[in-house]
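Have a look at the structure below, then the notes.
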Amino acid sequence: MLPEEITKFIGQETGTSIFEVERETIRRFADAVDDPNPLYWDEEYAKKSRCGSIIAPPGFISSPWFSGRPTKWPERGATSSEAAVADLFTALVKAGFWRVLDGGMEYEFFAPVQAGDTITASSVIKDIVGREGRTGKMAFLFTETTYTNQNGEVVAKARGTSIHR
Amino acid sequence: MAKQLYWEDVEVDTEVTTLPKVATRRMLVKWAGASGDFNPLHYDDSFAESQGVGKPIIHGALKRQWLIQLMTDWIGEEGTLRKFSCQYRAMDYPRLMKTMTEPQEGETLYCKGKVTKKYVEGDEHCVDCIIGVENEKGEITTPGRATVILPSRG
């Protein structure tokens with residue numbers, strides 16, 4: 001059983017980020033994966049395809065570069081969501097969960113993300129669950145993020161799991 | 001590029017085309033920069049040891065992106081990746097570098113998959129797969145699932 005200091009964050013919105021998707025950033029990402037798919041690299045090729053322009057690989061939107069940015073560039077004091085996330089992590093550490101591991105990701109893709117798009121990502125904590133593992137007690141944090149483009153279309157939804165122990 | 005895959009070309013147990021990947025410390029540096037994940041777990045020997053993983057490990061998100069490529073390569077430009085999931089069950093380690101660009105001898109990881117179900121939903125021809133990153137011992141370190149929509153010959 002996890003303390004109420006932690007579980008009170010279930011349902012907490014953890015922030016909205018806005019980011020611009022650009023061709024060079026897509027190319028750099030594809031290069032790091034070592035994925036030569038011309039839809040990520042070649043504008044002329046992509047124009048003739050059903051994509052119409054260079055697209056981002058599915059999953060590109062999860063880049064940590066694109067989180068924690070409530071405006072397009074980092075002019076900010078902490079928003080109330082950011083403060084809440086900081087409080088949650090403090091509560092987790094206080095309860096002894098000071099290590100974090102990426103537990104996995106689940107995606108639903110609804111529309112391609114194209115170079116030139118502006119994406120808004122909104123996250124909420126769906127659940128926080130305590131579990132017993134080989135190495136002791138763990139807390140599983142499930143976060144859902146909805147990605148919307150500049151036309152208001154939902155392009156993807158992601159459910160991420162982080163494991164705190 | 002491989003010729004376009006159609007829904008009629010696959011059956012349950014059809015294998016997804018295997019995608020080999022050689023991860024190097026150099027690739028992990030590129031990935032850190034491209035994705036913005038600067039966790040020292042992936043490049044700092046001392047920190048990695050303090051976190052109980054021995055040496056710097058491959059970013060889970062990079063393995064995820066390989067598995068996404070496994071599917072997008074297989075389904076071709078007329079296919080659509082609709083759903084995807086994976087979990088990081090075991091650590092994988094990158095090779096060190098021999099030269100500026102060549103890795104030392106070491107492990108090759110294999111992204112693999114297999115069809116578990118094919119079905120039609122509305123006008124979409126769907127295929128479900130189990131997928132995973134397999135190490136040289138044959139262990140699936142990064143298991144997952146994917147649902148794709150393929151074009152149909154009608």
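Ordered as shown in the structure tokens, chains take letters A, B, and onward, while each chain numbers its residues from 1 and ligands are numbered from 1 in the order shown.
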
Would you mind listing, for every residue of chain A within 10 Å of chain B, the two atoms forming the shortest contact and the distance between them in Å to one decimal, using only C-alpha atoms, sorted by chain and ascending residue number, as a tab-separated table?
```
residue	atom	partner	partner_atom	distance
A:Thr25	CA	B:Ala34	CA	7.3
A:Ile26	CA	B:Ala34	CA	8.6
A:Arg27	CA	B:Ala34	CA	9.1
A:Arg28	CA	B:Ala34	CA	5.9
A:Phe29	CA	B:Ala34	CA	5.0
A:Ala30	CA	B:Ala34	CA	8.6
A:Asp31	CA	B:Lys30	CA	8.0
A:Ala32	CA	B:Trp31	CA	5.0
A:Val33	CA	B:Trp66	CA	6.6
A:Asp34	CA	B:Met27	CA	8.5
A:Asp35	CA	B:Gln69	CA	7.0
A:Pro36	CA	B:Gln69	CA	9.7
A:Asn37	CA	B:Asp73	CA	7.8
A:Pro38	CA	B:Met1	CA	9.5
A:Leu39	CA	B:Glu77	CA	8.6
A:Ser49	CA	B:Glu77	CA	7.8
A:Arg50	CA	B:Glu78	CA	7.9
A:Cys51	CA	B:Glu77	CA	8.7
A:Pro57	CA	B:Ile68	CA	8.2
A:Pro58	CA	B:Ile68	CA	7.1
A:Gly59	CA	B:Gln65	CA	6.8
A:Phe60	CA	B:Ser35	CA	7.9
A:Ile61	CA	B:Ser35	CA	9.3
A:Ser62	CA	B:Ser35	CA	8.1
A:Ser63	CA	B:Ser35	CA	4.7
A:Pro64	CA	B:Gly36	CA	5.0
A:Trp65	CA	B:Gly36	CA	4.8
A:Phe66	CA	B:Gly36	CA	8.3
A:Ser67	CA	B:Gly36	CA	9.6
A:Arg99	CA	B:Gln51	CA	7.8
A:Val100	CA	B:Gln51	CA	9.6
A:Leu101	CA	B:Tyr88	CA	9.1
A:Asp102	CA	B:Gly60	CA	7.0
A:Gly103	CA	B:Gln87	CA	5.8
A:Gly104	CA	B:Gln87	CA	4.1
A:Met105	CA	B:Ser85	CA	5.5
A:Glu106	CA	B:Ser85	CA	4.0
A:Tyr107	CA	B:Phe84	CA	5.1
A:Glu108	CA	B:Lys83	CA	4.6
A:Phe109	CA	B:Arg82	CA	5.0
A:Phe110	CA	B:Arg82	CA	6.8
A:Ala111	CA	B:Arg82	CA	9.0
A:Pro112	CA	B:Thr80	CA	9.3
A:Ala156	CA	B:Arg82	CA	9.4
A:Lys157	CA	B:Lys83	CA	9.7
A:Ala158	CA	B:Ser85	CA	9.3
A:Arg159	CA	B:Ser85	CA	9.0
A:Gly160	CA	B:Ser85	CA	9.5
A:Thr161	CA	B:Gln87	CA	8.9
```

Please return, as a short mmCIF file (atom, residue, chain, number, x, y, z; two decimals) with N, CA and C atoms, in the first residue's frame, all residues of segment 11-85 of chain A that DSSP assigns to strand (DSSP E or B) on the basis of the backbone.
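Once everything was written out, this is result.cif:
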```
data_model
loop_
_atom_site.label_atom_id
_atom_site.label_comp_id
_atom_site.auth_asym_id
_atom_site.auth_seq_id
_atom_site.Cartn_x
_atom_site.Cartn_y
_atom_site.Cartn_z
N GLU A 13 -2.86 16.57 -13.30
CA GLU A 13 -2.32 16.95 -14.62
C GLU A 13 -0.87 17.34 -14.42
N THR A 14 0.01 16.81 -15.25
CA THR A 14 1.42 17.04 -15.01
C THR A 14 2.05 18.00 -16.01
N GLY A 15 1.22 18.64 -16.79
CA GLY A 15 1.77 19.72 -17.61
C GLY A 15 1.44 19.60 -19.07
N THR A 16 1.53 20.72 -19.73
CA THR A 16 1.32 20.80 -21.18
C THR A 16 2.60 21.34 -21.80
N SER A 17 3.05 20.71 -22.86
CA SER A 17 4.22 21.19 -23.59
C SER A 17 3.83 21.50 -25.02
N ILE A 18 4.49 22.50 -25.57
CA ILE A 18 4.25 22.84 -26.98
C ILE A 18 5.59 22.79 -27.70
N PHE A 19 5.66 22.11 -28.83
CA PHE A 19 6.92 22.05 -29.55
C PHE A 19 6.70 22.01 -31.05
N GLU A 20 7.72 22.47 -31.76
CA GLU A 20 7.67 22.55 -33.22
C GLU A 20 8.48 21.40 -33.81
N ILE A 55 7.93 13.25 -42.63
CA ILE A 55 7.20 12.96 -41.38
C ILE A 55 8.20 12.56 -40.29
#
```

I'd like the neighbourhood of Val120 of chain B as an NGL selection string, where a residue qualifies if any of its atoms comes within 10 Å (using only C-alpha atoms), though same-chain residues fewer than 4 positions away should be ignored.
:B and (7 or 124-127 or 149)

Show me, as a list in words, the residues that have an atom within 9 Å of Glu44 of chain A when counting only C-alpha atoms, minus same-chain residues fewer than 2 positions from it.
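Contacts, in chain order: Asp42, Ala46, Lys47, Lys48, Ser53 and Ile54 of chain A.
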
Write down as a PyMOL selection string the residues belonging to chain A that are assigned alpha helix (DSSP H) by DSSP computed on the backbone.
chain A and resi 4-7+23-33+43-48+80-94

Tell me, in Å to one decimal, how far atom CA of Asp117 of chain A is from atom CA of Trp41 of chain A.
16.1 Å

Who sits within 9 Å of Thr18 of chain B, only C-alpha atoms, same chain under 5 positions skipped, as an mmCIF file with N, CA and C atoms, in the first residue's frame:
```cif
data_model
loop_
_atom_site.group_PDB
_atom_site.id
_atom_site.type_symbol
_atom_site.label_atom_id
_atom_site.label_comp_id
_atom_site.auth_asym_id
_atom_site.auth_seq_id
_atom_site.Cartn_x
_atom_site.Cartn_y
_atom_site.Cartn_z
ATOM 1 N N LEU B 70 11.411 -1.655 -36.840
ATOM 2 C CA LEU B 70 11.134 -3.043 -37.251
ATOM 3 C C LEU B 70 9.787 -3.100 -37.977
ATOM 4 N N TYR B 110 18.967 -8.262 -32.103
ATOM 5 C CA TYR B 110 18.052 -8.546 -33.215
ATOM 6 C C TYR B 110 16.627 -8.169 -32.852
ATOM 7 N N CYS B 111 16.040 -7.285 -33.642
ATOM 8 C CA CYS B 111 14.635 -6.946 -33.480
ATOM 9 C C CYS B 111 13.845 -7.937 -34.320
ATOM 10 N N LYS B 112 12.898 -8.604 -33.653
ATOM 11 C CA LYS B 112 12.138 -9.661 -34.332
ATOM 12 C C LYS B 112 10.658 -9.526 -34.031
ATOM 13 N N GLY B 113 9.853 -10.185 -34.846
ATOM 14 C CA GLY B 113 8.415 -10.176 -34.588
ATOM 15 C C GLY B 113 7.720 -11.310 -35.301
#
```

Work out how far atom CA of Glu121 of chain B is from atom CA of Gln114 of chain A, in Å to one decimal.
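So the answer is 26.3 Å.
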